[in-house]
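Below: coords-v7.cif (mmCIF, C-alpha atoms)
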```
data_run
loop_
_atom_site.label_atom_id
_atom_site.label_comp_id
_atom_site.auth_asym_id
_atom_site.auth_seq_id
_atom_site.Cartn_x
_atom_site.Cartn_y
_atom_site.Cartn_z
CA MET A 1 40.54 -29.22 16.76
CA LYS A 2 41.64 -32.64 15.58
CA THR A 3 40.52 -34.68 12.60
CA SER A 4 39.31 -38.25 13.02
CA LEU A 5 42.60 -39.42 11.47
CA ILE A 6 44.89 -37.68 13.96
CA GLU A 7 46.09 -40.92 15.57
CA TRP A 8 46.90 -42.37 12.14
CA HIS A 9 48.96 -39.28 11.33
CA ARG A 10 50.87 -39.56 14.60
CA ALA A 11 51.48 -43.28 14.11
CA HIS A 12 52.96 -42.56 10.68
CA GLN A 13 55.33 -39.85 11.94
CA ALA A 14 53.59 -36.92 10.32
CA ARG A 15 54.90 -33.48 11.16
CA LEU A 16 51.83 -31.79 12.65
CA VAL A 17 51.13 -28.05 12.63
CA GLU A 18 48.27 -25.78 13.66
CA PHE A 19 46.26 -24.63 10.65
CA ALA A 20 43.03 -22.60 10.94
CA GLY A 21 42.47 -24.02 14.41
CA TRP A 22 43.12 -27.64 13.35
CA GLU A 23 46.07 -29.92 14.08
CA MET A 24 47.05 -31.01 10.57
CA PRO A 25 49.88 -32.97 8.92
CA ILE A 26 52.11 -30.68 6.87
CA GLN A 27 54.33 -33.55 5.68
CA TYR A 28 55.25 -37.17 6.33
CA THR A 29 58.53 -37.37 4.39
CA THR A 30 59.47 -34.21 2.47
CA ILE A 31 57.29 -31.71 0.65
CA VAL A 32 59.14 -32.30 -2.62
CA GLU A 33 58.85 -36.09 -2.39
CA GLU A 34 55.12 -35.88 -1.67
CA HIS A 35 54.67 -33.32 -4.46
CA HIS A 36 56.29 -35.65 -6.98
CA ALA A 37 54.19 -38.56 -5.70
CA VAL A 38 51.01 -36.66 -6.62
CA ARG A 39 52.30 -35.56 -10.02
CA ARG A 40 53.64 -38.99 -10.96
CA GLN A 41 51.40 -41.49 -9.15
CA ALA A 42 48.91 -40.57 -6.40
CA GLY A 43 48.66 -38.84 -3.05
CA LEU A 44 46.25 -39.34 -0.15
CA PHE A 45 45.22 -36.20 1.76
CA ASP A 46 43.28 -35.65 4.97
CA ILE A 47 41.24 -32.49 4.27
CA SER A 48 38.76 -32.83 7.12
CA HIS A 49 39.56 -29.27 8.19
CA MET A 50 37.56 -27.96 5.22
CA GLY A 51 34.10 -26.71 6.21
CA ARG A 52 31.04 -28.71 5.15
CA LEU A 53 27.79 -26.74 5.23
CA TYR A 54 24.47 -28.31 4.25
CA ILE A 55 21.81 -25.90 2.96
CA ARG A 56 18.28 -27.26 3.22
CA GLY A 57 14.70 -26.06 2.88
CA ALA A 58 12.30 -24.90 0.18
CA ASP A 59 14.23 -21.64 -0.31
CA ALA A 60 17.72 -23.19 -0.33
CA GLU A 61 18.23 -22.55 -4.05
CA SER A 62 17.07 -18.92 -3.87
CA PHE A 63 19.22 -18.31 -0.81
CA LEU A 64 22.37 -19.73 -2.42
CA ASN A 65 21.67 -17.74 -5.58
CA TRP A 66 21.83 -14.61 -3.39
CA VAL A 67 25.06 -15.39 -1.48
CA VAL A 68 27.23 -16.90 -4.25
CA THR A 69 28.15 -15.76 -7.76
CA ILE A 70 27.08 -18.71 -9.93
CA ASP A 71 23.54 -19.45 -11.13
CA ILE A 72 22.44 -22.23 -8.78
CA SER A 73 19.30 -22.92 -10.82
CA ARG A 74 21.51 -24.36 -13.58
CA LEU A 75 22.90 -27.08 -11.30
CA SER A 76 21.34 -30.52 -11.73
CA PRO A 77 21.56 -33.15 -8.96
CA GLY A 78 25.06 -34.57 -8.77
CA ARG A 79 26.68 -31.48 -10.30
CA ILE A 80 29.34 -29.38 -8.56
CA ARG A 81 30.46 -25.83 -9.34
CA TYR A 82 33.23 -23.57 -8.12
CA ALA A 83 31.83 -20.25 -6.86
CA LEU A 84 32.65 -17.16 -4.87
CA ALA A 85 30.82 -16.15 -1.73
CA THR A 86 30.76 -12.36 -1.93
CA ASN A 87 30.18 -9.42 0.38
CA GLU A 88 28.06 -6.34 -0.23
CA GLN A 89 30.94 -4.56 -2.00
CA GLY A 90 31.63 -7.45 -4.38
CA GLY A 91 34.70 -8.62 -2.47
CA ILE A 92 35.37 -12.31 -1.93
CA ARG A 93 34.32 -13.70 1.47
CA ASP A 94 35.45 -17.15 0.38
CA ASP A 95 35.86 -19.40 -2.63
CA VAL A 96 33.68 -22.48 -2.32
CA LEU A 97 32.43 -25.61 -4.03
CA VAL A 98 28.65 -25.94 -4.31
CA TYR A 99 27.26 -29.48 -4.61
CA ARG A 100 23.67 -30.01 -5.65
CA LEU A 101 22.47 -33.24 -4.07
CA GLU A 102 19.06 -34.88 -4.44
CA ASN A 103 17.20 -32.88 -1.78
CA GLU A 104 19.76 -30.44 -0.45
CA PHE A 105 22.96 -28.55 -1.18
CA LEU A 106 26.44 -29.02 0.22
CA VAL A 107 28.88 -26.12 0.26
CA VAL A 108 32.55 -26.85 1.02
CA VAL A 109 34.27 -23.75 2.42
CA ASN A 110 37.80 -22.95 3.54
CA ALA A 111 38.65 -23.88 7.11
CA SER A 112 39.75 -20.36 8.00
CA ASN A 113 36.45 -18.88 6.76
CA ARG A 114 33.96 -21.45 8.03
CA GLU A 115 32.81 -19.61 11.15
CA LYS A 116 32.47 -16.21 9.47
CA ILE A 117 30.56 -17.73 6.53
CA VAL A 118 28.16 -19.58 8.85
CA GLU A 119 27.53 -16.44 10.90
CA PHE A 120 27.00 -14.19 7.88
CA TRP A 121 24.88 -16.69 5.95
CA LYS A 122 22.63 -17.32 8.94
CA ALA A 123 22.02 -13.57 9.17
CA GLN A 124 21.24 -13.44 5.44
CA SER A 125 18.94 -16.47 5.69
CA LYS A 126 16.50 -14.48 7.83
CA ASN A 127 15.37 -12.80 4.61
CA PHE A 128 14.14 -16.17 3.31
CA SER A 129 11.15 -18.12 4.61
CA ASP A 130 12.52 -21.66 4.62
CA VAL A 131 16.31 -22.05 4.76
CA GLN A 132 18.32 -24.16 7.16
CA ILE A 133 22.13 -23.97 7.38
CA ASP A 134 23.68 -26.98 9.09
CA ASP A 135 27.41 -26.93 9.77
CA GLU A 136 28.33 -30.62 9.78
CA THR A 137 32.10 -30.14 9.67
CA LEU A 138 32.68 -31.68 13.09
CA LYS A 139 30.28 -34.56 12.42
CA THR A 140 31.97 -35.68 9.20
CA SER A 141 35.42 -36.30 7.72
CA MET A 142 36.87 -35.59 4.27
CA ILE A 143 39.80 -37.09 2.34
CA ALA A 144 41.19 -36.83 -1.18
CA VAL A 145 43.04 -39.10 -3.62
CA GLN A 146 44.86 -37.06 -6.26
CA GLY A 147 47.18 -37.93 -9.13
CA PRO A 148 47.40 -39.69 -12.52
CA LYS A 149 46.94 -43.09 -10.83
CA ALA A 150 43.88 -41.96 -8.84
CA VAL A 151 41.33 -43.44 -11.24
CA ASP A 152 43.09 -46.82 -11.28
CA ILE A 153 43.18 -46.88 -7.49
CA ILE A 154 39.58 -45.86 -6.91
CA ARG A 155 37.98 -47.97 -9.64
CA GLN A 156 39.11 -51.18 -7.90
CA ASP A 157 36.70 -50.72 -5.00
CA PHE A 158 34.42 -47.91 -6.18
CA PRO A 159 33.69 -48.80 -9.83
CA GLN A 160 30.91 -46.20 -10.03
CA ALA A 161 33.48 -43.46 -9.43
CA GLU A 162 35.21 -44.20 -12.74
CA GLU A 163 32.02 -43.15 -14.56
CA LEU A 164 31.84 -39.85 -12.70
CA LYS A 165 32.43 -36.83 -14.88
CA TYR A 166 34.70 -34.09 -13.61
CA TYR A 167 32.94 -31.92 -10.99
CA HIS A 168 30.19 -34.45 -10.35
CA SER A 169 29.37 -36.46 -7.24
CA VAL A 170 27.57 -39.68 -6.29
CA GLN A 171 26.14 -40.82 -2.95
CA GLU A 172 27.14 -44.29 -1.75
CA SER A 173 26.35 -46.51 1.24
CA GLY A 174 29.00 -48.04 3.47
CA GLN A 175 29.21 -49.88 6.75
CA GLY A 176 29.66 -46.59 8.59
CA GLY A 177 26.76 -44.86 6.85
CA ASP A 178 26.28 -43.00 3.58
CA PHE A 179 29.22 -41.20 2.04
CA LEU A 180 29.77 -38.93 -0.94
CA ILE A 181 32.35 -39.39 -3.70
CA SER A 182 33.16 -36.40 -5.90
CA ARG A 183 35.58 -36.03 -8.80
CA THR A 184 37.21 -32.85 -7.59
CA GLY A 185 40.48 -31.65 -6.11
CA TYR A 186 42.94 -28.85 -5.49
CA THR A 187 46.19 -30.11 -6.97
CA GLY A 188 45.88 -29.72 -10.74
CA GLU A 189 45.51 -33.49 -11.10
CA ASP A 190 42.54 -35.76 -11.66
CA GLY A 191 41.21 -37.29 -8.47
CA PHE A 192 38.43 -37.87 -6.00
CA GLU A 193 37.24 -36.59 -2.66
CA PHE A 194 35.26 -38.55 -0.06
CA ILE A 195 32.92 -37.09 2.56
CA GLY A 196 31.16 -39.16 5.22
CA SER A 197 31.05 -40.22 8.84
CA PRO A 198 34.40 -40.36 10.65
CA ASP A 199 34.16 -44.16 10.97
CA GLU A 200 33.44 -44.63 7.27
CA ILE A 201 36.12 -42.22 6.07
CA ASN A 202 38.72 -43.63 8.46
CA ALA A 203 38.02 -47.10 7.11
CA ILE A 204 38.27 -45.93 3.48
CA TRP A 205 41.54 -44.10 4.22
CA SER A 206 43.16 -47.11 5.89
CA TYR A 207 41.99 -49.54 3.21
CA LEU A 208 43.15 -47.36 0.32
CA TYR A 209 46.54 -46.78 1.93
CA GLU A 210 47.16 -50.41 2.83
CA GLN A 211 46.01 -51.81 -0.53
CA ASN A 212 47.85 -49.40 -2.79
CA GLN A 213 51.42 -49.21 -1.56
CA PRO A 214 53.76 -47.95 -2.90
CA THR A 215 51.66 -46.23 -5.60
CA LEU A 216 49.63 -44.21 -3.10
CA GLN A 217 51.52 -41.98 -0.67
CA ALA A 218 50.15 -40.06 2.31
CA CYS A 219 50.66 -36.34 1.76
CA GLY A 220 50.43 -33.22 3.91
CA LEU A 221 49.37 -29.62 3.46
CA GLY A 222 52.89 -28.58 2.42
CA CYS A 223 52.79 -30.19 -1.00
CA ARG A 224 49.11 -29.30 -1.37
CA ASP A 225 50.26 -25.68 -1.47
CA THR A 226 53.04 -26.21 -4.03
CA LEU A 227 50.72 -28.33 -6.19
CA ARG A 228 47.92 -25.75 -6.24
CA LEU A 229 50.40 -22.97 -6.99
CA GLU A 230 51.77 -24.84 -10.03
CA ALA A 231 48.16 -25.28 -11.14
CA GLY A 232 47.54 -21.53 -10.83
CA MET A 233 44.82 -22.04 -8.23
CA PRO A 234 44.22 -19.10 -5.87
CA LEU A 235 44.40 -19.52 -2.10
CA TYR A 236 42.19 -17.53 0.25
CA GLY A 237 44.20 -15.07 2.31
CA HIS A 238 46.80 -14.86 -0.46
CA GLU A 239 45.22 -14.31 -3.89
CA LEU A 240 41.68 -13.83 -2.53
CA SER A 241 40.25 -11.56 0.16
CA GLU A 242 37.26 -9.37 0.97
CA THR A 243 38.96 -6.44 -0.77
CA ILE A 244 39.62 -8.35 -4.01
CA ASP A 245 36.86 -8.77 -6.58
CA PRO A 246 36.39 -11.97 -8.64
CA LEU A 247 37.22 -10.30 -11.97
CA SER A 248 40.58 -8.89 -10.87
CA ALA A 249 41.32 -12.35 -9.46
CA GLY A 250 40.80 -13.88 -12.91
CA LEU A 251 37.69 -15.79 -11.83
CA LYS A 252 35.15 -14.41 -14.32
CA PHE A 253 34.15 -18.00 -15.21
CA ALA A 254 32.67 -18.34 -11.71
CA VAL A 255 30.48 -15.22 -11.93
CA SER A 256 27.06 -15.09 -13.55
CA LEU A 257 26.24 -11.44 -14.15
CA LYS A 258 23.17 -12.57 -16.10
CA LYS A 259 21.29 -13.81 -13.07
CA GLU A 260 18.87 -11.36 -11.47
CA SER A 261 20.77 -10.52 -8.32
CA PHE A 262 23.44 -11.55 -5.84
CA LEU A 263 25.49 -9.86 -3.15
CA GLY A 264 27.81 -7.30 -4.71
CA LYS A 265 26.51 -7.81 -8.26
CA GLU A 266 26.23 -4.08 -9.03
CA GLN A 267 29.80 -3.42 -7.93
CA ILE A 268 31.18 -6.38 -9.90
CA ALA A 269 29.16 -5.37 -12.97
CA ALA A 270 30.61 -1.85 -12.74
CA ILE A 271 34.14 -3.31 -12.68
CA SER A 272 33.27 -5.46 -15.67
CA GLU A 273 32.08 -2.39 -17.54
CA ALA A 274 34.96 -0.08 -16.60
CA GLY A 275 37.77 -2.63 -16.50
CA PHE A 276 39.84 -3.55 -13.48
CA GLU A 277 42.90 -1.69 -12.25
CA LYS A 278 44.91 -4.70 -11.06
CA GLN A 279 45.07 -8.27 -12.30
CA ARG A 280 46.32 -11.58 -10.92
CA VAL A 281 49.23 -12.85 -13.01
CA GLY A 282 51.76 -15.65 -13.04
CA LEU A 283 55.46 -14.82 -12.86
CA GLU A 284 58.56 -16.86 -13.70
CA LEU A 285 61.82 -15.75 -12.10
CA GLU A 286 65.34 -16.23 -13.37
CA GLY A 287 67.40 -18.47 -11.11
CA LYS A 288 66.27 -20.36 -8.04
CA ARG A 289 65.49 -17.53 -5.61
CA ILE A 290 61.94 -17.78 -4.28
CA ALA A 291 59.68 -14.72 -4.30
CA ARG A 292 57.81 -15.05 -1.03
CA GLU A 293 54.43 -13.52 -0.20
CA GLY A 294 54.77 -9.77 0.26
CA ALA A 295 57.77 -9.30 -2.05
CA THR A 296 57.46 -6.11 -4.08
CA VAL A 297 56.95 -6.31 -7.84
CA GLU A 298 58.64 -3.49 -9.72
CA SER A 299 58.53 -2.10 -13.24
CA PRO A 300 61.76 -2.29 -15.29
CA ASP A 301 62.62 1.25 -14.14
CA GLY A 302 62.32 0.30 -10.46
CA GLN A 303 58.86 1.64 -9.62
CA ALA A 304 56.86 -0.46 -7.16
CA ILE A 305 53.73 -1.65 -8.98
CA GLY A 306 52.49 -4.72 -7.10
CA GLU A 307 53.05 -7.45 -4.55
CA VAL A 308 53.65 -11.19 -4.66
CA THR A 309 50.81 -13.19 -3.13
CA SER A 310 52.34 -16.70 -3.38
CA GLY A 311 55.69 -18.05 -4.51
CA THR A 312 57.71 -21.26 -4.55
CA PHE A 313 60.35 -23.20 -6.44
CA SER A 314 58.30 -25.52 -8.64
CA PRO A 315 59.37 -29.16 -8.12
CA THR A 316 57.71 -30.17 -11.40
CA LEU A 317 58.96 -27.39 -13.64
CA GLU A 318 62.23 -26.76 -11.75
CA LYS A 319 61.61 -23.03 -11.94
CA SER A 320 60.92 -20.28 -9.45
CA ILE A 321 57.26 -19.26 -9.87
CA ALA A 322 54.92 -16.81 -8.21
CA MET A 323 51.54 -15.15 -8.45
CA ALA A 324 51.03 -11.44 -7.92
CA TYR A 325 48.66 -8.55 -8.53
CA VAL A 326 49.97 -5.93 -10.97
CA PRO A 327 48.37 -3.05 -12.92
CA ALA A 328 46.39 -4.22 -15.95
CA GLN A 329 48.83 -2.47 -18.30
CA SER A 330 51.65 -4.66 -16.90
CA ALA A 331 49.70 -7.93 -17.00
CA ALA A 332 50.27 -9.06 -20.59
CA VAL A 333 52.08 -12.38 -21.03
CA GLY A 334 55.72 -11.69 -21.83
CA THR A 335 55.95 -8.43 -19.86
CA LYS A 336 59.34 -8.11 -18.15
CA LEU A 337 59.27 -7.07 -14.50
CA LEU A 338 61.48 -7.12 -11.41
CA ILE A 339 60.86 -8.67 -7.99
CA ASN A 340 62.55 -7.23 -4.95
CA ILE A 341 63.73 -10.06 -2.68
CA ARG A 342 65.38 -8.80 0.51
CA GLY A 343 66.58 -5.61 -1.10
CA LYS A 344 67.88 -7.15 -4.32
CA THR A 345 65.90 -7.16 -7.57
CA HIS A 346 65.52 -10.27 -9.70
CA PRO A 347 64.23 -10.39 -13.30
CA ALA A 348 60.81 -11.95 -13.83
CA ILE A 349 58.46 -12.38 -16.76
CA VAL A 350 54.67 -12.52 -16.81
CA THR A 351 53.51 -15.97 -17.88
CA SER A 352 50.12 -17.50 -18.52
CA LEU A 353 48.29 -19.42 -15.80
CA PRO A 354 48.33 -22.23 -14.94
CA PHE A 355 52.05 -22.88 -14.84
CA TYR A 356 51.34 -26.62 -15.03
CA GLN A 357 48.40 -28.36 -16.66
CA ARG A 358 47.79 -32.09 -16.95
CA SER A 359 47.11 -33.31 -20.46
CA THR A 360 43.64 -34.80 -20.03
CA VAL A 361 40.86 -35.55 -17.58
CA THR A 362 38.86 -38.67 -18.29
CA GLY A 363 35.09 -38.24 -18.19
#
```

How does the structure come out when it is put into structure tokens?
Amino acid sequence: MKTSLIEWHRAHQARLVEFAGWEMPIQYTTIVEEHHAVRRQAGLFDISHMGRLYIRGADAESFLNWVVTIDISRLSPGRIRYALATNEQGGIRDDVLVYRLENEFLVVVNASNREKIVEFWKAQSKNFSDVQIDDETLKTSMIAVQGPKAVDIIRQDFPQAEELKYYHSVQESGQGGDFLISRTGYTGEDGFEFIGSPDEINAIWSYLYEQNQPTLQACGLGCRDTLRLEAGMPLYGHELSETIDPLSAGLKFAVSLKKESFLGKEQIAAISEAGFEKQRVGLELEGKRIAREGATVESPDGQAIGEVTSGTFSPTLEKSIAMAYVPAQSAAVGTKLLINIRGKTHPAIVTSLPFYQRSTVTG
């Protein structure tokens, strides 16, 4: 599949790769240069590969309350919440953003999970009288502006966006139809995401890029991964899976055990009561060697106790960082561990997440 911006990417010499069935730009210049652009000024991302599911009907709220972990009834129009879509065992099918709009809900899902979520949710919806699930991913496009200069850039042409609070959205009208602006992102920076018709989003992309050089730089998926890792944000297929529960993943804030029921609630409640065996942690390594996914985490005496799920050399912090799952008794900040990289162990220390955190978010 190709996004509506594919010809723009090609014209600007993007390196394109296959990702979750989509042809996507991984970088235009270098990953490090684009990473610094987002941390220091602003980056422009095509994220049209993300799934966009609209949930409609009289039972839409009740249905979503059943399939995700947050209490949907507490969302007012314009509000957005991070949530987990769970399975019957309390494992994570996907991590999602739930938007409450005026008369419907929008759920943004990961590209790699879109088809399985649609299939499973449609089966679950048969237990509700009036629920409609419309996958509008291929009918719409989605882009993001992220970085400390994002507000200055967006306010010039979308003044209403400056008033948006974090994790809120507003519907706007453009020449190519209605579009949605949300103050959200996946980089650890302030920023905005736009969803709308391909014509409208293409026009917004081109205008923003042309009017804001050199402050705004086009960025690919490569730096998106290093940015989210610095920000301690989990990635599905790495830190999250159907065999990992939300509590072990450190996502208790996105689980409402007080609501009456949801898929896997009993299992997650039991883990909450008994305590979890493994926990997601941040690790800092000595030196510049990178602990790649799958590297073994060892105790100081050389016993294998866990596995790295993501790792990189942080361009911002100039340190080798990683996330991993380790036993709860080895998860305290300051715990000294070892990481086996190609047969050689390297000292590491458990550190708090996120590794990087911006100072403030306006609004």

| field | the PyMOL selection byres ((chain A and resi 59) around 10) resolved against shown file, as number ranges by chain | value | A: 55-58, 60-65, 125, 128-132

| Explicit residues for the PyMOL selection byres ((chain A and resi 247-257) around 9) (as a PyMOL selection string) | chain A and resi 68-71+81-84+234+239-240+244-246+258-262+265-266+268-269+271-272+275-281+325

| request: Just say which residues the PyMOL selection byres ((chain A and resi 49) around 9) picks in this file, as a PyMOL selection string. | output: chain A and resi 1-3+19-24+46-48+50-51+110-112+137-138+141-142

At a cut-off of 10 Å, can you tabulate as a tab-separated table every residue of segment 202-265 of chain A near segment 167-184 of chain A together with its closest atom pair and the distance in Å to one decimal, using only C-alpha atoms and ordering rows by chain then number?
```
residue	atom	partner	partner_atom	distance
A:Asn202	CA	A:Gly176	CA	9.5
A:Ala203	CA	A:Gly176	CA	8.5
A:Ile204	CA	A:Gly174	CA	9.5
```

| request: Kindly indicate which residue among A:Lys336, A:Met323, A:Thr86, A:Ala328 lies nearest to Leu353 of chain A, using all atoms listed in the file for the distances. | output: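 For Leu353 of chain A, the nearest of the candidates is A:Met323.
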
| said: I'd like the neighbourhood of segment 104-106 of chain A as a list in words, where a residue qualifies if any of its atoms comes within 7 Å (using only C-alpha atoms), though same-chain residues fewer than 5 positions away should be ignored. | reply: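 Listing them by chain and then by number gives Arg52, Leu53, Tyr54, Ile55, Arg56, Val98 and Tyr99 of chain A.
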
| request: Please indicate the distance in Å from atom CA of Ile339 of chain A to atom CA of Ala274 of chain A, rounded to one decimal place. | output: 28.6 Å

| task | Considering all atoms listed in the file, state which residue in the set A:Ser206, A:Thr226, A:Gln303, A:Gln267 is at the smallest distance from Ser320 of chain A. | result | A:Thr226

| query | For Ala42 of chain A, which residue among A:Glu284, A:Asp134, A:Glu210, A:Asp190 is the nearest when counting all atoms listed in the file? | reply |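 Ranking A:Glu284, A:Asp134, A:Glu210, A:Asp190 by distance to Ala42 of chain A, first place goes to A:Asp190.
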
| Quick one: distance from atom CA of Ala150 of chain A to atom CA of Gly191 of chain A in Å, one decimal? |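 Interatomic distance here is 5.4 Å.
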
| message | Under the rule that only C-alpha atoms are counted, which of A:Glu136, A:Glu34, A:Glu200, A:Asp301 is the nearest residue to Ala218 of chain A? | response | A:Glu34

| query | Taking into account only C-alpha atoms, which residue in the set A:Glu293, A:Asp94, A:Glu286, A:Glu193 is nearest to Ala348 of chain A? | reply | A:Glu286

| field | One-decimal distance in Å that lies between atom CA of Ser352 of chain A and atom CA of Val297 of chain A | value |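 Value for the atom CA of Val297 of chain A-atom CA of Ser352 of chain A distance: 16.9 Å.
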
| said: Could you list, as a ChimeraX atom specification, every residue within 12 Å of Thr30 of chain A, counting only C-alpha atoms and ignoring same-chain residues fewer than 2 positions away? | reply: /A:13-15,25-28,32-37,217-223,315

| message | Which residues are close to Gly334 of chain A, i.e. within 10 Å by all atoms listed in the file, leaving aside same-chain residues fewer than 2 positions away? Reply as a list of chain:residue names. | response | A:Leu283, A:Ser330, A:Ala331, A:Ala332, A:Lys336, A:Leu337, A:Ala348, A:Ile349, A:Val350, A:Thr351, A:Ser352

| said: Which residue is closest to Ala324 of chain A? Choose from A:Leu235, A:Leu263, A:Leu97, A:Leu44 and count all atoms listed in the file. | reply: A:Leu235

| request: Mind listing whatever residues come within 7 Å of the point (49.9, -29.7, -9.0)? Use all atoms listed in the file, file coordinates, and give them as a ChimeraX atom specification. | output: /A:39,187-189,226-228,230-231,356

| said: Need to verify the contact set: Val151 of chain A, 12 Å, all atoms listed in the file, exclusion of same-chain residues closer than 4 positions in sequence. Can you return it as a VMD selection string? | reply: chain A and resid 41 to 43 145 to 147 155 to 166 183 to 184 189 to 193 216 361 to 363

Show me that you can extract segment 154-167 of chain A, keeping N, CA, C and O atoms, and write it as an mmCIF file, in the first residue's frame.
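result05.cif, written as the output of this step:
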```
data_model
loop_
_atom_site.group_PDB
_atom_site.id
_atom_site.type_symbol
_atom_site.label_atom_id
_atom_site.label_comp_id
_atom_site.auth_asym_id
_atom_site.auth_seq_id
_atom_site.Cartn_x
_atom_site.Cartn_y
_atom_site.Cartn_z
ATOM 1 N N ILE A 154 2.263 25.883 13.730
ATOM 2 C CA ILE A 154 0.845 25.595 13.493
ATOM 3 C C ILE A 154 -0.036 26.809 13.763
ATOM 4 O O ILE A 154 -1.021 27.045 13.062
ATOM 5 N N ARG A 155 0.313 27.605 14.762
ATOM 6 C CA ARG A 155 -0.550 28.732 15.131
ATOM 7 C C ARG A 155 -0.684 29.754 13.998
ATOM 8 O O ARG A 155 -1.665 30.488 13.935
ATOM 9 N N GLN A 156 0.300 29.805 13.096
ATOM 10 C CA GLN A 156 0.257 30.786 12.020
ATOM 11 C C GLN A 156 -0.972 30.604 11.123
ATOM 12 O O GLN A 156 -1.580 31.578 10.686
ATOM 13 N N ASP A 157 -1.319 29.356 10.853
ATOM 14 C CA ASP A 157 -2.426 29.079 9.937
ATOM 15 C C ASP A 157 -3.588 28.349 10.589
ATOM 16 O O ASP A 157 -4.670 28.260 9.997
ATOM 17 N N PHE A 158 -3.378 27.838 11.790
ATOM 18 C CA PHE A 158 -4.448 27.143 12.511
ATOM 19 C C PHE A 158 -4.474 27.694 13.933
ATOM 20 O O PHE A 158 -4.100 27.007 14.890
ATOM 21 N N PRO A 159 -4.890 28.961 14.100
ATOM 22 C CA PRO A 159 -4.821 29.599 15.419
ATOM 23 C C PRO A 159 -5.595 28.853 16.494
ATOM 24 O O PRO A 159 -5.241 28.906 17.679
ATOM 25 N N GLN A 160 -6.665 28.147 16.097
ATOM 26 C CA GLN A 160 -7.451 27.405 17.083
ATOM 27 C C GLN A 160 -6.650 26.265 17.699
ATOM 28 O O GLN A 160 -6.905 25.846 18.833
ATOM 29 N N ALA A 161 -5.637 25.775 16.987
ATOM 30 C CA ALA A 161 -4.849 24.665 17.506
ATOM 31 C C ALA A 161 -4.039 25.078 18.725
ATOM 32 O O ALA A 161 -3.777 24.268 19.615
ATOM 33 N N GLU A 162 -3.608 26.342 18.774
ATOM 34 C CA GLU A 162 -2.804 26.815 19.903
ATOM 35 C C GLU A 162 -3.576 26.705 21.216
ATOM 36 O O GLU A 162 -2.988 26.526 22.284
ATOM 37 N N GLU A 163 -4.904 26.813 21.145
ATOM 38 C CA GLU A 163 -5.736 26.741 22.352
ATOM 39 C C GLU A 163 -6.042 25.308 22.772
ATOM 40 O O GLU A 163 -6.604 25.082 23.844
ATOM 41 N N LEU A 164 -5.704 24.354 21.897
ATOM 42 C CA LEU A 164 -5.972 22.955 22.219
ATOM 43 C C LEU A 164 -5.144 22.514 23.424
ATOM 44 O O LEU A 164 -3.932 22.739 23.470
ATOM 45 N N LYS A 165 -5.764 21.868 24.363
ATOM 46 C CA LYS A 165 -5.023 21.249 25.452
ATOM 47 C C LYS A 165 -4.435 19.934 24.954
ATOM 48 O O LYS A 165 -4.866 19.369 23.954
ATOM 49 N N TYR A 166 -3.425 19.467 25.678
ATOM 50 C CA TYR A 166 -2.792 18.207 25.309
ATOM 51 C C TYR A 166 -3.833 17.086 25.347
ATOM 52 O O TYR A 166 -4.662 16.999 26.240
ATOM 53 N N TYR A 167 -3.795 16.223 24.349
ATOM 54 C CA TYR A 167 -4.723 15.102 24.170
ATOM 55 C C TYR A 167 -6.180 15.570 24.013
ATOM 56 O O TYR A 167 -7.114 14.996 24.564
#
```
